[in-house]
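Notes follow the structure.
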Amino acid sequence: MVRRRLAGDGPSPVCFARRAPGPALLPEGARRLVVARTVRETHDVVTLVLEDPERADFAFTAGQFFTLLVDVDGETVARNYSASNAPGQRELHVTIKAKPGGRVSGRLCRAAAGDRIGVLGPFGAFTVKDAASPRRLVLFAGGVGITPLLSIARTVLAAEPEAEILLVYANRRREDIAFDAELDALAAAHGGRLAVHRVLEEPPRGWTGATGRLDRANVARILDGLPSIGADAELFVCGPEGMQDEVLAALAARGTTAIVKRERFAIGGTASPRAGDRDAAARRITIIAPDRLIRTTALAGASLLEAGLAASAPMPFSCGVGGCGACRVRVREGEVDLDEPHCLSEEELAAGYSLACVGRPRGACTIEIGRPGREGGER
Ligand SMILES: Cc1cc2nc3c(=O)[nH]c(=O)nc-3n(C[C@H](O)[C@H](O)[C@H](O)COP(=O)(O)OP(=O)(O)OC[C@H]3O[C@@H](n4cnc5c(N)ncnc54)[C@H](O)[C@@H]3O)c2cc1C
Ligand code: FES
């Protein structure tokens, strides 16, 4: 989780509170998009169709995500959402599942046409490599993990007339399947080059597709019934962590040598540290900013970024999930654990750099940050 205080700085990027208009403070590089319309995909999944009043189209690579900046009780909270449409359009589609107890997703699912949202990005490397046509993609989606895979499927089918895509798409119940009709339409429009295998954990009476959880035994069973995955195939996995692990284990057990990419929706501290955590241990952090020294105490489990922003330090950041390097800091004293995956090189690690968004202090530490928009720490 990433947050930034906006007290007294004008309207929030998402106007849930419908505050008076005025200049809002957004991180450098953020765009202010407008919700053009919303589409209800299922009982708890909504697509926000976003437009940029200042630009004609959205440049990103299919499979990438954007960081949405949302006002929650006076502070801006950042969450990542993959594009679900193909790039190069006037609209950006992000498809959001409302998480029970989540701080942001439910609010976004209640957004309305005309709301404004601060957006950073695109980010991420969950993308297809340059076309070695005719290519074959095998996509495993669990629940809302369909979003980047749908963008990839839409893009590749349209751009590569010989590409073939096999999508294994798991959900709990029939009513949880987002983009059900779109997937059928996409398959029909591309002459069967897209094959969709739906898997339901709790199938309704008369269901003819696969059933059960997407665990390794079930994945193996499903793959047994499908054309074999060649060594040249590209495999993409996106869904709940447990499902991803099971799919990867099933593929490894079959000796699959194809390129496998996974997108983690849960990295980057989506579980918010809370002051009331019973075993919360104080962490003292000293932040050397370009113009001042800030001393704060982090909540247990908080990232350096969360701790810094909570103390109103001018922390540079962008993606919030270890993927862009914008939040790079130099660790002057103490030790910082870095969540995997992250984008720091061996040389940067050896030079004492860390990433604030996925770096968690082991104890008291001192970090040095750069100016927002520049690289973190002294060179
Ligand atoms: C690269 C990437 C792409 C993504 N793409 C999408 C996408 O396309 N669509 C999509 O819907 N999501 C996507 N996500 C996930 C998304 O960013 C959010 O994590 C998700 O919407 C939940 O946010 P939230 O603020 O509602 O929940 P949070 O407030 O972050 O909480 C998440 C869950 O943790 C629980 N929780 C929170 N704090 C605690 C605590 N202290 N103790 C115990 N439990 C706690 C909450 O009850 C909730 O169930 C993506 C994530 C990443 C990293
Ligand atoms: S904000 Fe992108 S790596 Fe930390």
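Naming scheme: A, B, ... for chains in displayed order of the structure tokens; residues 1 onward per chain; ligands 1 onward as shown.
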Can you pull out the residues contacting Ala311 (chain A)? Cut-off 8 Å, using only C-alpha atoms, and skip same-chain residues under 2 positions away; I want them as a CSV table (one decimal) with N, CA and C atoms, in the first residue's frame.
```
chain,number,residue,atom,x,y,z
A,294,ILE,N,14.0,13.9,8.7
A,294,ILE,CA,12.7,13.5,9.2
A,294,ILE,C,12.9,12.3,10.1
A,296,THR,N,10.9,9.3,12.2
A,296,THR,CA,9.6,8.7,12.4
A,296,THR,C,9.7,7.3,12.9
A,307,ALA,N,6.0,4.2,5.6
A,307,ALA,CA,6.5,4.9,6.8
A,307,ALA,C,6.8,6.4,6.5
A,308,GLY,N,7.5,6.6,5.3
A,308,GLY,CA,7.9,7.9,4.9
A,308,GLY,C,6.7,8.8,4.6
A,309,LEU,N,5.8,8.3,3.8
A,309,LEU,CA,4.6,9.1,3.5
A,309,LEU,C,3.7,9.4,4.7
A,313,ALA,N,7.1,12.8,4.5
A,313,ALA,CA,8.4,12.9,3.9
A,313,ALA,C,8.1,13.0,2.4
```
Please find the residues contacting ligand 2 at a distance of at most 8 Å between atoms, with only C-alpha atoms and all ligand atoms counted, and report them as a CSV table (one decimal) with C-alpha atoms, in the first residue's frame.
```
chain,number,residue,atom,x,y,z
A,316,PRO,CA,9.5,9.7,-4.7
A,317,PHE,CA,7.5,6.8,-6.0
A,318,SER,CA,5.6,5.5,-8.9
A,319,CYS,CA,4.5,1.9,-9.4
A,320,GLY,CA,4.5,0.9,-5.7
A,321,VAL,CA,5.4,-2.7,-6.5
A,322,GLY,CA,9.1,-2.8,-7.0
A,323,GLY,CA,8.9,-2.5,-10.8
A,324,CYS,CA,10.1,1.0,-11.8
A,325,GLY,CA,12.9,2.2,-9.5
A,326,ALA,CA,11.4,5.6,-8.9
A,327,CYS,CA,11.4,5.1,-5.1
A,328,ARG,CA,15.1,4.1,-4.9
A,342,HIS,CA,12.2,-6.0,-7.6
A,343,CYS,CA,14.1,-4.1,-10.3
A,355,LEU,CA,13.5,0.4,-2.9
A,356,ALA,CA,11.2,2.2,-0.5
A,357,CYS,CA,8.0,0.6,-1.8
A,358,VAL,CA,9.1,-3.0,-1.2
```
(message) Using only C-alpha atoms, which protein or nucleic acid residues come within 7 Å of Asn85 (chain A)? Drop anything in the same chain fewer than 6 positions from it, and give the result as a list in words.
(response) Leu92, His93 and Ser151 of chain A
Given the selection you just returned, output its residues as a file containing C-alpha atoms, formatted as an mmCIF file, in the first residue's frame.
```
data_model
loop_
_atom_site.group_PDB
_atom_site.id
_atom_site.type_symbol
_atom_site.label_atom_id
_atom_site.label_comp_id
_atom_site.auth_asym_id
_atom_site.auth_seq_id
_atom_site.Cartn_x
_atom_site.Cartn_y
_atom_site.Cartn_z
ATOM 1 C CA LEU A 92 -8.095 2.977 -20.896
ATOM 2 C CA HIS A 93 -10.122 0.167 -19.329
ATOM 3 C CA SER A 151 -5.637 -7.274 -22.981
#
```
(request) Rank nothing, just name the residue among A:Ile146, A:Val219, A:Val104, A:Ala98 nearest to Glu75 (chain A), using only C-alpha atoms. (result) A:Val104
(request) Name the residues in contact with Leu149 (chain A) at a cut-off of 12 Å, using only C-alpha atoms, excluding same-chain residues fewer than 5 positions from it; report them as a PyMOL selection string. (result) chain A and resi 61-65+82-86+95+126-128+137-144+154-157+165-169+179+183+196+235-239+261-263
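Considering only C-alpha atoms, the residue among A:Arg332, A:Arg116, A:His43, A:Arg136 positioned nearest to Ala258 (chain A) is A:Arg136.
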(request) Go ahead and compute the interatomic distance for CA of Pro148 (chain A) and CA of Asp176 (chain A), in Å to one decimal. (result) 17.2 Å
(request) Assign secondary structure with DSSP using the backbone only, and return the residues of region 73-288 of chain A in strand (DSSP E) as a PyMOL selection string. (result) chain A and resi 75-82+91-97+116-123+136-142+164-171+194-200+210-211+234-238+259-263+283-288
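Ranking A:Val34, A:Ile285, A:Ala351, A:Leu293 by their shortest atom-to-atom distance to Gly334 (chain A), with only C-alpha atoms included, puts A:Ile285 first.
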(request) Check region 146-317 of chain A with DSSP on the backbone and list each residue it calls helix (DSSP H, G or I), as a PyMOL selection string. (result) chain A and resi 146-159+174-176+180-189+216-224+241-253+304-310
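Residues in contact range of Val39 (chain A), defined as at most 9 Å between only C-alpha atoms, with sequence neighbours fewer than 5 positions away removed, read Val45, Val46, Thr47, Leu48, Val49 and Thr95 of chain A.
Proximity to ligand 1 was assessed for A:Glu164, A:Glu241, A:Glu182, A:Glu347 counting only C-alpha atoms and all ligand atoms; the smallest distance is recorded for A:Glu241.
Ranking A:Trp207, A:Phe66, A:Phe60, A:Phe265 by their shortest atom-to-atom distance to ligand 1, with only C-alpha atoms and all ligand atoms included, puts A:Phe265 first.
Using only C-alpha atoms for every distance, the candidate list A:Asp44, A:Pro240, A:Glu234, A:Leu50 yields A:Pro240 as the residue closest to Arg264 (chain A).
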